[in-house]
$ cat run_12.tsv   # TSV, C-alpha atoms
chain	number	residue	atom	x	y	z
A	1	MET	CA	42.90	-12.21	-91.72
A	2	ALA	CA	42.69	-15.79	-92.96
A	3	GLY	CA	43.04	-14.69	-96.55
A	4	LEU	CA	46.25	-12.84	-95.87
A	5	VAL	CA	48.46	-15.86	-96.43
A	6	PRO	CA	47.31	-18.32	-99.09
A	7	PRO	CA	47.09	-21.84	-97.74
A	8	GLY	CA	49.58	-24.39	-98.95
A	9	THR	CA	52.69	-22.31	-98.32
A	10	THR	CA	55.21	-23.52	-95.81
A	11	ALA	CA	54.34	-23.18	-92.14
A	12	ILE	CA	57.11	-20.84	-91.01
A	13	PRO	CA	56.42	-17.83	-93.25
A	14	ALA	CA	52.69	-18.12	-92.44
A	15	GLU	CA	53.32	-17.92	-88.72
A	16	ALA	CA	55.72	-15.03	-89.14
A	17	SER	CA	53.26	-13.00	-91.18
A	18	LYS	CA	50.47	-13.80	-88.75
A	19	THR	CA	52.45	-12.50	-85.78
A	20	ALA	CA	53.42	-9.43	-87.80
A	21	HIS	CA	49.76	-8.80	-88.59
A	22	THR	CA	48.61	-9.19	-85.00
A	23	LYS	CA	51.38	-6.82	-83.94
A	24	ALA	CA	50.02	-4.28	-86.44
A	25	GLU	CA	46.55	-4.75	-84.99
A	26	GLU	CA	47.79	-4.19	-81.48
A	27	LYS	CA	49.39	-0.95	-82.51
A	28	THR	CA	46.27	1.16	-82.81
A	29	ASP	CA	45.52	3.07	-85.90
A	30	TYR	CA	44.87	6.56	-84.58
A	31	MET	CA	43.53	7.72	-87.89
A	32	ASN	CA	40.73	5.17	-87.86
A	33	LEU	CA	39.12	5.49	-84.47
A	34	PRO	CA	35.46	4.55	-84.10
A	35	CYS	CA	32.81	7.21	-83.76
A	36	PRO	CA	31.92	7.80	-80.13
A	37	ILE	CA	28.41	7.58	-78.76
A	38	PRO	CA	26.50	10.84	-78.28
A	39	PHE	CA	27.27	12.87	-75.20
A	40	GLU	CA	23.87	12.48	-73.60
A	41	GLU	CA	24.18	8.71	-73.85
A	42	LEU	CA	27.52	8.59	-72.10
A	43	GLN	CA	26.20	6.79	-69.08
A	44	ARG	CA	23.53	4.97	-71.02
A	45	GLU	CA	24.34	1.43	-69.87
A	46	ALA	CA	24.35	2.40	-66.23
A	47	LEU	CA	21.18	4.40	-66.62
A	48	MET	CA	19.38	1.60	-68.38
A	49	SER	CA	20.35	-0.92	-65.76
A	50	LEU	CA	20.02	1.18	-62.64
A	51	LYS	CA	17.18	3.54	-63.39
A	52	PRO	CA	14.23	1.70	-64.84
A	53	GLU	CA	11.03	3.70	-65.09
A	54	THR	CA	9.37	2.60	-61.91
A	55	PHE	CA	5.85	3.79	-61.41
A	56	GLU	CA	3.04	3.43	-58.93
A	57	GLY	CA	-0.38	2.27	-59.95
A	58	LEU	CA	-1.74	0.81	-63.14
A	59	ARG	CA	-0.24	1.40	-66.53
A	60	PHE	CA	-1.60	0.18	-69.82
A	61	ASP	CA	0.00	0.90	-73.20
A	62	PHE	CA	-1.38	-0.11	-76.51
A	63	THR	CA	0.46	0.59	-79.75
A	64	LYS	CA	-1.23	-0.12	-83.02
A	65	GLY	CA	0.69	0.10	-86.25
A	66	LEU	CA	-1.38	1.32	-89.14
A	67	ASN	CA	1.36	1.31	-91.69
A	68	GLN	CA	5.05	0.55	-92.11
A	69	LYS	CA	5.86	3.96	-90.79
A	70	PHE	CA	2.85	5.23	-88.92
A	71	SER	CA	1.43	4.03	-85.61
A	72	LEU	CA	-0.99	5.20	-82.98
A	73	SER	CA	-0.66	4.66	-79.28
A	74	HIS	CA	-3.17	4.69	-76.46
A	75	SER	CA	-2.09	4.71	-72.89
A	76	VAL	CA	-3.91	4.74	-69.57
A	77	PHE	CA	-2.37	5.52	-66.23
A	78	MET	CA	-4.09	5.46	-62.84
A	79	GLY	CA	-2.27	5.87	-59.63
A	80	PRO	CA	-0.97	8.24	-57.01
A	81	THR	CA	1.47	10.89	-58.16
A	82	GLU	CA	3.91	12.50	-55.82
A	83	ILE	CA	3.78	16.22	-55.31
A	84	PRO	CA	7.02	17.86	-54.23
A	85	SER	CA	6.50	19.24	-50.76
A	86	GLN	CA	8.65	21.24	-48.43
A	87	SER	CA	8.16	19.01	-45.41
A	88	ALA	CA	9.63	15.54	-45.09
A	89	GLU	CA	6.22	13.98	-45.71
A	90	THR	CA	5.56	12.74	-49.21
A	91	ILE	CA	2.23	13.92	-50.49
A	92	LYS	CA	0.56	11.69	-53.03
A	93	ILE	CA	-2.48	12.65	-55.01
A	94	PRO	CA	-4.37	10.04	-57.00
A	95	THR	CA	-4.42	10.91	-60.66
A	96	ALA	CA	-5.61	9.18	-63.76
A	97	HIS	CA	-5.04	10.13	-67.34
A	98	TYR	CA	-5.36	8.84	-70.85
A	99	GLU	CA	-2.73	9.62	-73.43
A	100	PHE	CA	-3.17	9.45	-77.14
A	101	GLY	CA	-0.17	9.49	-79.40
A	102	ALA	CA	0.83	9.27	-83.00
A	103	ASN	CA	4.25	8.20	-84.28
A	104	PHE	CA	5.72	8.52	-87.71
A	105	ILE	CA	9.01	6.69	-88.08
A	106	ASP	CA	11.06	6.92	-91.23
A	107	PRO	CA	14.78	6.21	-91.62
A	108	ASN	CA	15.45	9.92	-91.84
A	109	LEU	CA	12.58	11.48	-89.99
A	110	MET	CA	10.87	10.63	-86.77
A	111	LEU	CA	7.84	12.50	-85.48
A	112	ILE	CA	6.17	11.69	-82.19
A	113	GLY	CA	3.25	13.51	-80.69
A	114	ARG	CA	1.31	12.90	-77.51
A	115	VAL	CA	-1.71	14.52	-76.00
A	116	LEU	CA	-2.93	13.84	-72.47
A	117	THR	CA	-6.25	14.35	-70.77
A	118	ASP	CA	-4.68	16.56	-68.14
A	119	GLY	CA	-3.95	19.14	-70.77
A	120	ARG	CA	-0.35	18.40	-71.70
A	121	VAL	CA	0.90	18.11	-75.24
A	122	ASN	CA	4.32	16.65	-76.10
A	123	ALA	CA	6.10	16.63	-79.40
A	124	ARG	CA	9.43	15.18	-80.50
A	125	VAL	CA	11.10	15.50	-83.87
A	126	LYS	CA	14.30	13.89	-85.08
A	127	TRP	CA	15.37	14.76	-88.58
A	128	ASP	CA	18.55	13.49	-90.26
A	129	LEU	CA	19.30	16.16	-92.79
A	130	THR	CA	22.40	14.47	-94.14
A	131	ASP	CA	24.49	11.51	-93.02
A	132	ASN	CA	26.32	13.70	-90.56
A	133	LEU	CA	23.94	16.42	-89.53
A	134	SER	CA	20.77	15.83	-87.62
A	135	VAL	CA	18.26	18.06	-85.90
A	136	LYS	CA	16.26	17.08	-82.85
A	137	ALA	CA	13.54	19.08	-81.19
A	138	ASN	CA	11.18	18.47	-78.35
A	139	ALA	CA	8.49	20.59	-76.80
A	140	GLN	CA	5.98	20.28	-74.01
A	141	LEU	CA	2.96	22.50	-73.51
A	142	THR	CA	1.02	22.51	-70.26
A	143	ASN	CA	-1.97	24.19	-68.76
A	144	GLU	CA	0.04	25.68	-65.94
A	145	PRO	CA	1.69	28.96	-66.79
A	146	HIS	CA	5.48	29.03	-67.15
A	147	MET	CA	5.75	25.25	-67.27
A	148	SER	CA	5.90	24.85	-71.02
A	149	HIS	CA	9.29	24.38	-72.57
A	150	GLY	CA	10.96	23.47	-75.81
A	151	MET	CA	14.44	22.61	-76.99
A	152	VAL	CA	16.23	22.23	-80.32
A	153	ASN	CA	19.50	20.30	-80.81
A	154	PHE	CA	21.79	20.33	-83.80
A	155	ASP	CA	24.15	17.34	-83.94
A	156	TYR	CA	27.12	17.02	-86.21
A	157	LYS	CA	28.86	13.68	-86.47
A	158	GLY	CA	32.44	13.65	-87.66
A	159	LYS	CA	34.76	10.73	-88.34
A	160	ASP	CA	35.74	10.17	-84.73
A	161	TYR	CA	33.96	12.96	-82.93
A	162	ARG	CA	30.52	14.34	-82.35
A	163	SER	CA	29.47	17.84	-81.54
A	164	GLN	CA	26.12	19.18	-80.48
A	165	PHE	CA	24.61	22.60	-80.07
A	166	GLN	CA	21.35	23.09	-78.25
A	167	MET	CA	18.98	25.96	-77.67
A	168	GLY	CA	16.03	25.97	-75.35
A	169	ASN	CA	13.42	28.40	-74.22
A	170	GLY	CA	14.33	30.68	-71.38
A	171	ALA	CA	17.58	31.52	-73.20
A	172	LEU	CA	19.16	28.14	-72.55
A	173	PHE	CA	22.18	27.47	-74.71
A	174	GLY	CA	24.48	24.50	-74.59
A	175	ALA	CA	27.24	22.90	-76.60
A	176	SER	CA	29.02	19.60	-76.20
A	177	TYR	CA	31.85	17.83	-77.92
A	178	ILE	CA	32.99	14.23	-77.62
A	179	GLN	CA	36.11	12.77	-79.21
A	180	SER	CA	37.47	9.23	-79.46
A	181	VAL	CA	40.99	9.24	-78.15
A	182	THR	CA	41.78	5.54	-78.37
A	183	PRO	CA	39.59	2.70	-79.62
A	184	HIS	CA	38.31	2.28	-76.10
A	185	LEU	CA	38.48	5.73	-74.53
A	186	SER	CA	36.54	8.84	-75.42
A	187	LEU	CA	36.63	12.23	-73.76
A	188	ALA	CA	33.99	14.91	-73.81
A	189	GLY	CA	33.33	18.43	-72.67
A	190	GLU	CA	30.25	20.58	-72.46
A	191	VAL	CA	29.29	24.16	-71.68
A	192	PHE	CA	25.88	25.59	-71.03
A	193	TRP	CA	24.37	28.93	-70.23
A	194	ALA	CA	20.94	29.43	-68.71
A	195	GLY	CA	19.84	32.98	-69.29
A	196	GLN	CA	16.78	32.88	-67.13
A	197	HIS	CA	18.65	31.87	-64.02
A	198	ARG	CA	21.85	33.61	-65.05
A	199	LYS	CA	23.86	30.44	-64.60
A	200	SER	CA	26.59	29.00	-66.71
A	201	GLY	CA	28.47	25.78	-66.35
A	202	LEU	CA	31.21	23.64	-67.71
A	203	GLY	CA	31.51	19.88	-67.62
A	204	TYR	CA	33.94	17.13	-68.55
A	205	ALA	CA	33.28	13.48	-69.13
A	206	ALA	CA	35.20	10.37	-70.01
A	207	ARG	CA	34.11	6.93	-71.08
A	208	TYR	CA	36.18	3.78	-71.25
A	209	GLU	CA	34.56	0.86	-72.92
A	210	THR	CA	35.61	-2.68	-73.72
A	211	ASP	CA	33.65	-5.77	-74.70
A	212	LYS	CA	33.04	-6.69	-71.13
A	213	MET	CA	32.70	-3.43	-69.27
A	214	VAL	CA	31.92	0.22	-69.53
A	215	ALA	CA	33.24	2.82	-67.11
A	216	ALA	CA	32.12	6.41	-67.37
A	217	GLY	CA	32.72	9.52	-65.32
A	218	GLN	CA	31.28	12.98	-65.49
A	219	VAL	CA	32.13	16.17	-63.61
A	220	ALA	CA	30.24	19.44	-63.91
A	221	SER	CA	30.79	22.84	-62.43
A	222	THR	CA	27.28	22.74	-61.01
A	223	GLY	CA	28.84	20.49	-58.39
A	224	MET	CA	27.89	17.14	-59.78
A	225	VAL	CA	30.32	14.25	-59.98
A	226	ALA	CA	28.90	11.04	-61.41
A	227	LEU	CA	30.83	7.83	-61.89
A	228	SER	CA	29.43	4.58	-63.16
A	229	TYR	CA	30.68	1.12	-63.95
A	230	VAL	CA	28.87	-1.66	-65.76
A	231	GLN	CA	30.29	-5.15	-66.07
A	232	LYS	CA	28.84	-7.62	-68.48
A	233	VAL	CA	29.20	-10.84	-66.55
A	234	SER	CA	27.66	-13.05	-69.21
A	235	GLU	CA	25.39	-12.81	-72.22
A	236	LYS	CA	22.35	-12.52	-70.05
A	237	VAL	CA	23.58	-10.83	-66.91
A	238	SER	CA	25.22	-7.51	-66.26
A	239	LEU	CA	25.99	-5.80	-63.00
A	240	ALA	CA	26.12	-2.05	-62.64
A	241	SER	CA	27.12	0.40	-59.98
A	242	ASP	CA	26.84	4.12	-59.76
A	243	PHE	CA	28.21	6.85	-57.55
A	244	MET	CA	26.91	10.38	-57.50
A	245	TYR	CA	28.32	13.19	-55.43
A	246	ASN	CA	27.35	16.82	-55.35
A	247	TYR	CA	30.15	18.87	-53.89
A	248	MET	CA	27.97	21.93	-53.46
A	249	THR	CA	25.19	20.33	-51.48
A	250	LYS	CA	27.37	17.50	-50.11
A	251	ASP	CA	24.89	14.91	-51.26
A	252	VAL	CA	26.17	11.41	-51.83
A	253	THR	CA	24.38	8.47	-53.38
A	254	ALA	CA	25.79	5.11	-54.35
A	255	SER	CA	23.82	2.31	-55.89
A	256	VAL	CA	24.44	-1.24	-57.04
A	257	GLY	CA	22.19	-3.19	-59.32
A	258	TYR	CA	21.79	-6.13	-61.63
A	259	ASP	CA	20.19	-6.54	-65.02
A	260	TYR	CA	19.12	-9.98	-66.14
A	261	ILE	CA	18.02	-10.24	-69.75
A	262	LEU	CA	16.51	-13.68	-70.14
A	263	ARG	CA	14.52	-14.99	-73.04
A	264	GLN	CA	11.11	-14.47	-71.53
A	265	CYS	CA	11.76	-11.53	-69.29
A	266	ARG	CA	13.99	-8.68	-68.25
A	267	LEU	CA	14.57	-8.17	-64.57
A	268	ARG	CA	16.39	-5.20	-63.08
A	269	GLY	CA	17.04	-4.78	-59.39
A	270	LYS	CA	18.93	-2.13	-57.52
A	271	ILE	CA	19.78	-1.16	-53.99
A	272	ASP	CA	20.74	2.33	-52.95
A	273	SER	CA	22.67	3.98	-50.19
A	274	ASN	CA	19.57	6.02	-49.33
A	275	GLY	CA	17.94	2.81	-48.18
A	276	CYS	CA	15.88	2.42	-51.33
A	277	THR	CA	15.54	-0.83	-53.27
A	278	THR	CA	13.76	-1.11	-56.58
A	279	ALA	CA	12.90	-3.97	-58.86
A	280	TYR	CA	11.44	-3.85	-62.34
A	281	LEU	CA	10.24	-6.90	-64.21
A	282	GLU	CA	9.09	-7.04	-67.81
A	283	GLU	CA	7.71	-10.43	-68.65
A	284	ARG	CA	6.82	-11.48	-72.14
A	285	LEU	CA	3.56	-13.34	-71.89
A	286	ASN	CA	2.99	-13.70	-75.59
A	287	MET	CA	4.11	-12.18	-78.84
A	288	GLY	CA	3.73	-8.45	-78.41
A	289	LEU	CA	2.23	-8.74	-74.92
A	290	ASN	CA	4.38	-7.65	-72.03
A	291	PHE	CA	3.51	-7.69	-68.39
A	292	ILE	CA	5.28	-5.16	-66.19
A	293	LEU	CA	5.76	-5.19	-62.43
A	294	SER	CA	7.50	-2.40	-60.62
A	295	ALA	CA	8.39	-2.15	-56.93
A	296	GLU	CA	10.18	0.56	-55.04
A	297	ILE	CA	10.70	0.39	-51.30
A	298	ASP	CA	12.25	3.28	-49.43
A	299	HIS	CA	13.01	2.11	-45.92
A	300	SER	CA	14.22	5.43	-44.60
A	301	LYS	CA	11.20	7.44	-45.75
A	302	LYS	CA	8.83	4.49	-45.36
A	303	ASP	CA	7.49	5.10	-48.83
A	304	TYR	CA	6.34	2.01	-50.71
A	305	LYS	CA	5.41	2.09	-54.37
A	306	PHE	CA	4.12	-0.84	-56.33
A	307	GLY	CA	2.87	-0.79	-59.85
A	308	PHE	CA	1.76	-3.19	-62.49
A	309	GLY	CA	1.03	-2.78	-66.14
A	310	LEU	CA	0.50	-4.31	-69.49
A	311	THR	CA	2.06	-3.30	-72.81
A	312	VAL	CA	0.51	-4.43	-76.02
A	313	GLY	CA	2.27	-4.00	-79.30
B	1	MET	CA	13.46	2.80	-6.64
B	2	ALA	CA	14.78	4.13	-3.41
B	3	ALA	CA	18.51	4.15	-2.84
B	4	GLN	CA	19.80	1.82	-0.24
B	5	PRO	CA	19.09	3.26	3.18
B	6	LYS	CA	21.98	4.32	5.38
B	7	ARG	CA	23.40	1.63	7.54
B	8	GLY	CA	22.03	2.08	10.94
B	9	GLY	CA	20.82	5.49	9.90
B	10	VAL	CA	17.68	7.23	10.92
B	11	SER	CA	15.93	7.03	7.56
B	12	LEU	CA	13.00	4.77	7.30
B	13	PRO	CA	13.52	1.45	5.60
B	14	GLU	CA	11.20	0.48	2.78
B	15	ARG	CA	7.76	-0.39	3.92
B	16	ARG	CA	7.27	-3.69	2.23
B	17	SER	CA	5.29	-5.67	4.68
B	18	ALA	CA	4.39	-3.32	7.46
B	19	GLY	CA	4.01	-4.72	10.95
B	20	LYS	CA	6.33	-7.69	10.74
B	21	PRO	CA	9.26	-7.36	13.09
B	22	GLU	CA	11.06	-10.53	11.76
B	23	SER	CA	11.15	-8.98	8.28
B	24	ASN	CA	13.95	-6.88	9.60
B	25	ILE	CA	16.29	-9.64	8.45
B	26	LEU	CA	14.45	-9.96	5.17
B	27	ALA	CA	14.37	-6.20	4.78
B	28	ARG	CA	18.06	-6.08	5.53
B	29	ILE	CA	18.75	-8.76	2.95
B	30	SER	CA	16.60	-7.08	0.38
B	31	SER	CA	18.23	-3.75	1.00
B	32	SER	CA	21.77	-5.11	0.89
B	33	PRO	CA	23.96	-3.89	-1.95
B	34	ILE	CA	24.17	-7.28	-3.67
B	35	VAL	CA	20.44	-7.57	-4.02
B	36	SER	CA	19.92	-4.00	-5.14
B	37	ARG	CA	22.75	-4.23	-7.62
B	38	GLY	CA	21.27	-7.47	-8.86
B	39	LYS	CA	17.95	-5.71	-9.30
B	40	GLN	CA	19.57	-2.89	-11.21
B	41	ALA	CA	21.39	-5.37	-13.42
B	42	ALA	CA	18.17	-7.22	-14.09
B	43	CYS	CA	16.48	-3.96	-15.07
B	44	ASP	CA	19.32	-3.04	-17.37
B	45	ALA	CA	19.33	-6.49	-18.90
B	46	ALA	CA	15.61	-6.29	-19.55
B	47	PHE	CA	15.99	-2.87	-21.12
B	48	VAL	CA	18.88	-3.89	-23.34
B	49	SER	CA	17.29	-7.14	-24.41
B	50	LYS	CA	14.07	-5.31	-25.29
B	51	LYS	CA	16.01	-2.85	-27.40
B	52	LEU	CA	17.96	-5.67	-28.99
B	53	LEU	CA	14.79	-7.53	-29.79
B	54	LEU	CA	13.23	-4.45	-31.33
B	55	SER	CA	16.27	-3.64	-33.44
B	56	THR	CA	16.67	-7.27	-34.49
B	57	GLY	CA	13.04	-7.22	-35.47
B	58	LYS	CA	13.55	-4.07	-37.47
B	59	ALA	CA	16.64	-5.44	-39.17
B	60	ALA	CA	14.87	-8.69	-39.93
B	61	TRP	CA	11.96	-6.77	-41.45
B	62	ILE	CA	14.23	-4.68	-43.65
B	63	ALA	CA	16.29	-7.67	-44.69
B	64	GLY	CA	13.18	-9.72	-45.36
B	65	THR	CA	11.40	-7.19	-47.52
B	66	THR	CA	14.57	-6.32	-49.41
B	67	PHE	CA	15.17	-10.02	-50.10
B	68	LEU	CA	11.57	-10.34	-51.22
B	69	ILE	CA	11.90	-7.51	-53.69
B	70	LEU	CA	15.39	-8.19	-55.00
B	71	ALA	CA	15.85	-11.93	-54.86
B	72	VAL	CA	12.49	-13.69	-55.11
B	73	PRO	CA	11.61	-12.56	-58.67
B	74	LEU	CA	15.14	-13.46	-59.69
B	75	ILE	CA	14.85	-16.97	-58.30
B	76	ILE	CA	11.47	-17.45	-59.95
B	77	GLU	CA	12.69	-16.23	-63.32
B	78	MET	CA	15.87	-18.28	-63.23
B	79	ASP	CA	13.84	-21.34	-62.39
B	80	ARG	CA	11.56	-20.71	-65.35
B	81	GLU	CA	14.54	-20.21	-67.62
B	82	GLN	CA	15.99	-23.50	-66.45
B	83	GLN	CA	12.68	-25.28	-67.06
B	84	LEU	CA	12.51	-23.79	-70.53
B	85	ASN	CA	16.04	-24.93	-71.24
B	86	GLU	CA	15.27	-28.45	-70.08
B	87	LEU	CA	12.15	-28.54	-72.20
B	88	GLU	CA	14.08	-27.40	-75.23
B	89	LEU	CA	16.79	-29.96	-74.59
B	90	GLN	CA	14.16	-32.64	-74.30
B	91	GLN	CA	12.48	-31.49	-77.50
B	92	ALA	CA	15.81	-31.38	-79.29
B	93	SER	CA	16.74	-34.88	-78.17
B	94	LEU	CA	13.25	-36.11	-79.12
B	95	LEU	CA	13.48	-34.57	-82.56
B	96	GLY	CA	16.96	-35.94	-82.98
B	97	ALA	CA	15.88	-39.45	-82.01
B	98	ARG	CA	12.71	-39.45	-84.09
B	99	PRO	CA	14.01	-39.88	-87.67
B	100	THR	CA	16.23	-42.82	-86.68
B	101	ALA	CA	13.30	-44.41	-84.81
B	102	SER	CA	11.04	-44.09	-87.86
B	103	VAL	CA	13.78	-45.44	-90.16
B	104	SER	CA	14.41	-48.41	-87.90
B	105	LYS	CA	10.61	-49.04	-87.77
$ encode --input "run_12.tsv" --output "structure tokens"
Amino acid sequence: MAGLVPPGTTAIPAEASKTAHTKAEEKTDYMNLPCPIPFEELQREALMSLKPETFEGLRFDFTKGLNQKFSLSHSVFMGPTEIPSQSAETIKIPTAHYEFGANFIDPNLMLIGRVLTDGRVNARVKWDLTDNLSVKANAQLTNEPHMSHGMVNFDYKGKDYRSQFQMGNGALFGASYIQSVTPHLSLAGEVFWAGQHRKSGLGYAARYETDKMVAAGQVASTGMVALSYVQKVSEKVSLASDFMYNYMTKDVTASVGYDYILRQCRLRGKIDSNGCTTAYLEERLNMGLNFILSAEIDHSKKDYKFGFGLTVG
Amino acid sequence: MAAQPKRGGVSLPERRSAGKPESNILARISSSPIVSRGKQAACDAAFVSKKLLLSTGKAAWIAGTTFLILAVPLIIEMDREQQLNELELQQASLLGARPTASVSK
């Protein structure tokens, strides 16, 4: 922009061309819209701020890199796990497991595998075939019958749109499409069909994003309406709020939270309309050493969960 | 508690202190509507204040624990950040002042 008018010319033509150029910038170039973010990451900012992975008990993660591309990870978890129960009481069973994992990360190919001592095996693959086409797959095998599942996604990235097709076990098929409509607004739609449960659904989503804020909304024919708004108050602080409404089951949840990203730590706190407050702190004790504290208090169910952990590497 | 007895009726008055004929006046006073209404009001007041105390206690508990979870780590971390900033400022001013000090020496 500075090089447009060579310095040394008279002031008046420079100003005129500058205003003409800014006017051209304000008039958006609809042929050159940015590529939108993937459909599953539509509400990513709100999810990252409002739904940290709280846990109960002790968590220890150790990642050791053997190579530029290859690393192993060891992870220990000990703590009560909730079992879904029909009654209002929450049933917690103490569990402990060790998880061993191997990761191979390449610019084009990413392979992640995990095996746990309670008999589960996870695998994730992300393969960028070309610049525009990428394949993702994930699978989970368990000891319990009928709990194993797998899914494959094919993503195609166009100039200002993205489309995705996914297939899962149990005859699950889905497709989604997201398009940039203006430099700030993108609209998306998705369809899915679940053969096993004989259900099909349609959904629409929109995302409006500027430098300072992101607003996203999603509606699905399964009855879910989800709206979220994240405001970046400063470099270190952002505030987020979320509203979820299910018009089939008439379930409403609203939550407000903050996300402080300071130099030594990251602190996320949230309060819910179900009477649940959570806080999640990741503190950097040293290079590569992170200390994690997680707290979740549910006043209405009187369920209190506190966890602490350490992440190395 | 028994309802106020009928005025001049045949029902028995309350047997507070049996065998005291002068307590007729006292019994009459204590069974008058003002006193019994006062008693009822005192009971209600005690009931309501107990409920109020319990609910205030509950609200204070919820507010206190929520503040503890949401605000206390934030205050601690912001304080640390401020200390770190001050330390860095001090270090920067020290480093800035050092070359001139050595030159002048």
$ atom_distance --input "run_12.tsv" --atom1 "atom CA of Ala45 of chain B" --atom2 "atom CA of Ser31 of chain B"
20.1 Å
$ interface_residues --input "run_12.tsv" --of "chain A" --to "chain B" --cutoff "8 Å" --atoms "only C-alpha atoms" --output "number ranges by chain"
A: 262-265, 267, 269-270, 277-279, 295, 297, 299
$ atom_distance --input "run_12.tsv" --atom1 "atom CA of Leu50 of chain A" --atom2 "atom CA of Ala240 of chain A"
6.9 Å
$ atom_distance --input "run_12.tsv" --atom1 "atom CA of Phe60 of chain A" --atom2 "atom CA of Ala96 of chain A"
11.6 Å
$ residues_around --input "run_12.tsv" --residues "Lys232 of chain A" --least-positions-apart "2" --cutoff "9 Å" --atoms "only C-alpha atoms" --output "mmCIF file with C-alpha atoms, in the coordinates of the input"
data_model
loop_
_atom_site.group_PDB
_atom_site.id
_atom_site.type_symbol
_atom_site.label_atom_id
_atom_site.label_comp_id
_atom_site.auth_asym_id
_atom_site.auth_seq_id
_atom_site.Cartn_x
_atom_site.Cartn_y
_atom_site.Cartn_z
ATOM 1 C CA ASP A 211 33.650 -5.770 -74.700
ATOM 2 C CA LYS A 212 33.040 -6.690 -71.130
ATOM 3 C CA MET A 213 32.700 -3.430 -69.270
ATOM 4 C CA VAL A 214 31.920 0.220 -69.530
ATOM 5 C CA VAL A 230 28.870 -1.660 -65.760
ATOM 6 C CA SER A 234 27.660 -13.050 -69.210
ATOM 7 C CA GLU A 235 25.390 -12.810 -72.220
ATOM 8 C CA LYS A 236 22.350 -12.520 -70.050
ATOM 9 C CA VAL A 237 23.580 -10.830 -66.910
ATOM 10 C CA SER A 238 25.220 -7.510 -66.260
ATOM 11 C CA LEU A 239 25.990 -5.800 -63.000
ATOM 12 C CA ALA A 240 26.120 -2.050 -62.640
#
$ residues_around --input "run_12.tsv" --residues "Ala206 of chain A" --least-positions-apart "6" --cutoff "9 Å" --atoms "all atoms listed in the file" --output "PDB file with C-alpha atoms, in the frame of the given file"
ATOM      1  CA  LEU A  42      27.520   8.590 -72.100  1.00  0.00           C
ATOM      2  CA  ILE A 178      32.990  14.230 -77.620  1.00  0.00           C
ATOM      3  CA  LEU A 185      38.480   5.730 -74.530  1.00  0.00           C
ATOM      4  CA  SER A 186      36.540   8.840 -75.420  1.00  0.00           C
ATOM      5  CA  LEU A 187      36.630  12.230 -73.760  1.00  0.00           C
ATOM      6  CA  ALA A 188      33.990  14.910 -73.810  1.00  0.00           C
ATOM      7  CA  GLY A 189      33.330  18.430 -72.670  1.00  0.00           C
ATOM      8  CA  ALA A 215      33.240   2.820 -67.110  1.00  0.00           C
ATOM      9  CA  ALA A 216      32.120   6.410 -67.370  1.00  0.00           C
ATOM     10  CA  GLY A 217      32.720   9.520 -65.320  1.00  0.00           C
ATOM     11  CA  GLN A 218      31.280  12.980 -65.490  1.00  0.00           C
TER      12      GLN A 218
END
$ residues_around --input "run_12.tsv" --residues "Ile292 of chain A" --least-positions-apart "2" --cutoff "8 Å" --atoms "all atoms listed in the file" --output "PyMOL selection string"
chain A and resi 280-283+290+294+308-311
$ closest_atom_pairs --input "run_12.tsv" --of "segment 47-97 of chain A" --to "segment 243-257 of chain A" --cutoff "12 Å" --atoms "all atoms listed in the file" --output "CSV"
residue,atom,partner,partner_atom,distance
A:Leu47,CA,A:Gly257,CA,10.6
A:Met48,CA,A:Gly257,CA,10.6
A:Ser49,CA,A:Gly257,CA,7.1
A:Leu50,CA,A:Gly257,CA,5.9
A:Lys51,CA,A:Gly257,CA,9.3
A:Pro52,CA,A:Gly257,CA,10.9
$ residues_around --input "run_12.tsv" --residues "Met31 of chain A" --least-positions-apart "6" --cutoff "10 Å" --atoms "all atoms listed in the file" --output "PDB file with C-alpha atoms, in the frame of the given file"
ATOM      1  CA  LYS A 159      34.760  10.730 -88.340  1.00  0.00           C
ATOM      2  CA  ASP A 160      35.740  10.170 -84.730  1.00  0.00           C
ATOM      3  CA  THR A 182      41.780   5.540 -78.370  1.00  0.00           C
TER       4      THR A 182
END
$ axis_aligned_box --input "run_12.tsv" --around "segment 79-85 of chain A" --padding-each-side "6 Å" --output "JSON"
{"center_x": 2.4, "center_y": 12.6, "center_z": -55.2, "size_x": 21.3, "size_y": 25.4, "size_z": 20.9}
$ residues_around --input "run_12.tsv" --residues "Trp127 of chain A" --least-positions-apart "6" --cutoff "10 Å" --atoms "all atoms listed in the file" --output "list in words"
Asp106, Pro107, Asn108, Leu109, Met110, Leu111, Leu133, Ser134, Val135, Lys136, Ala137 and Phe154 of chain A
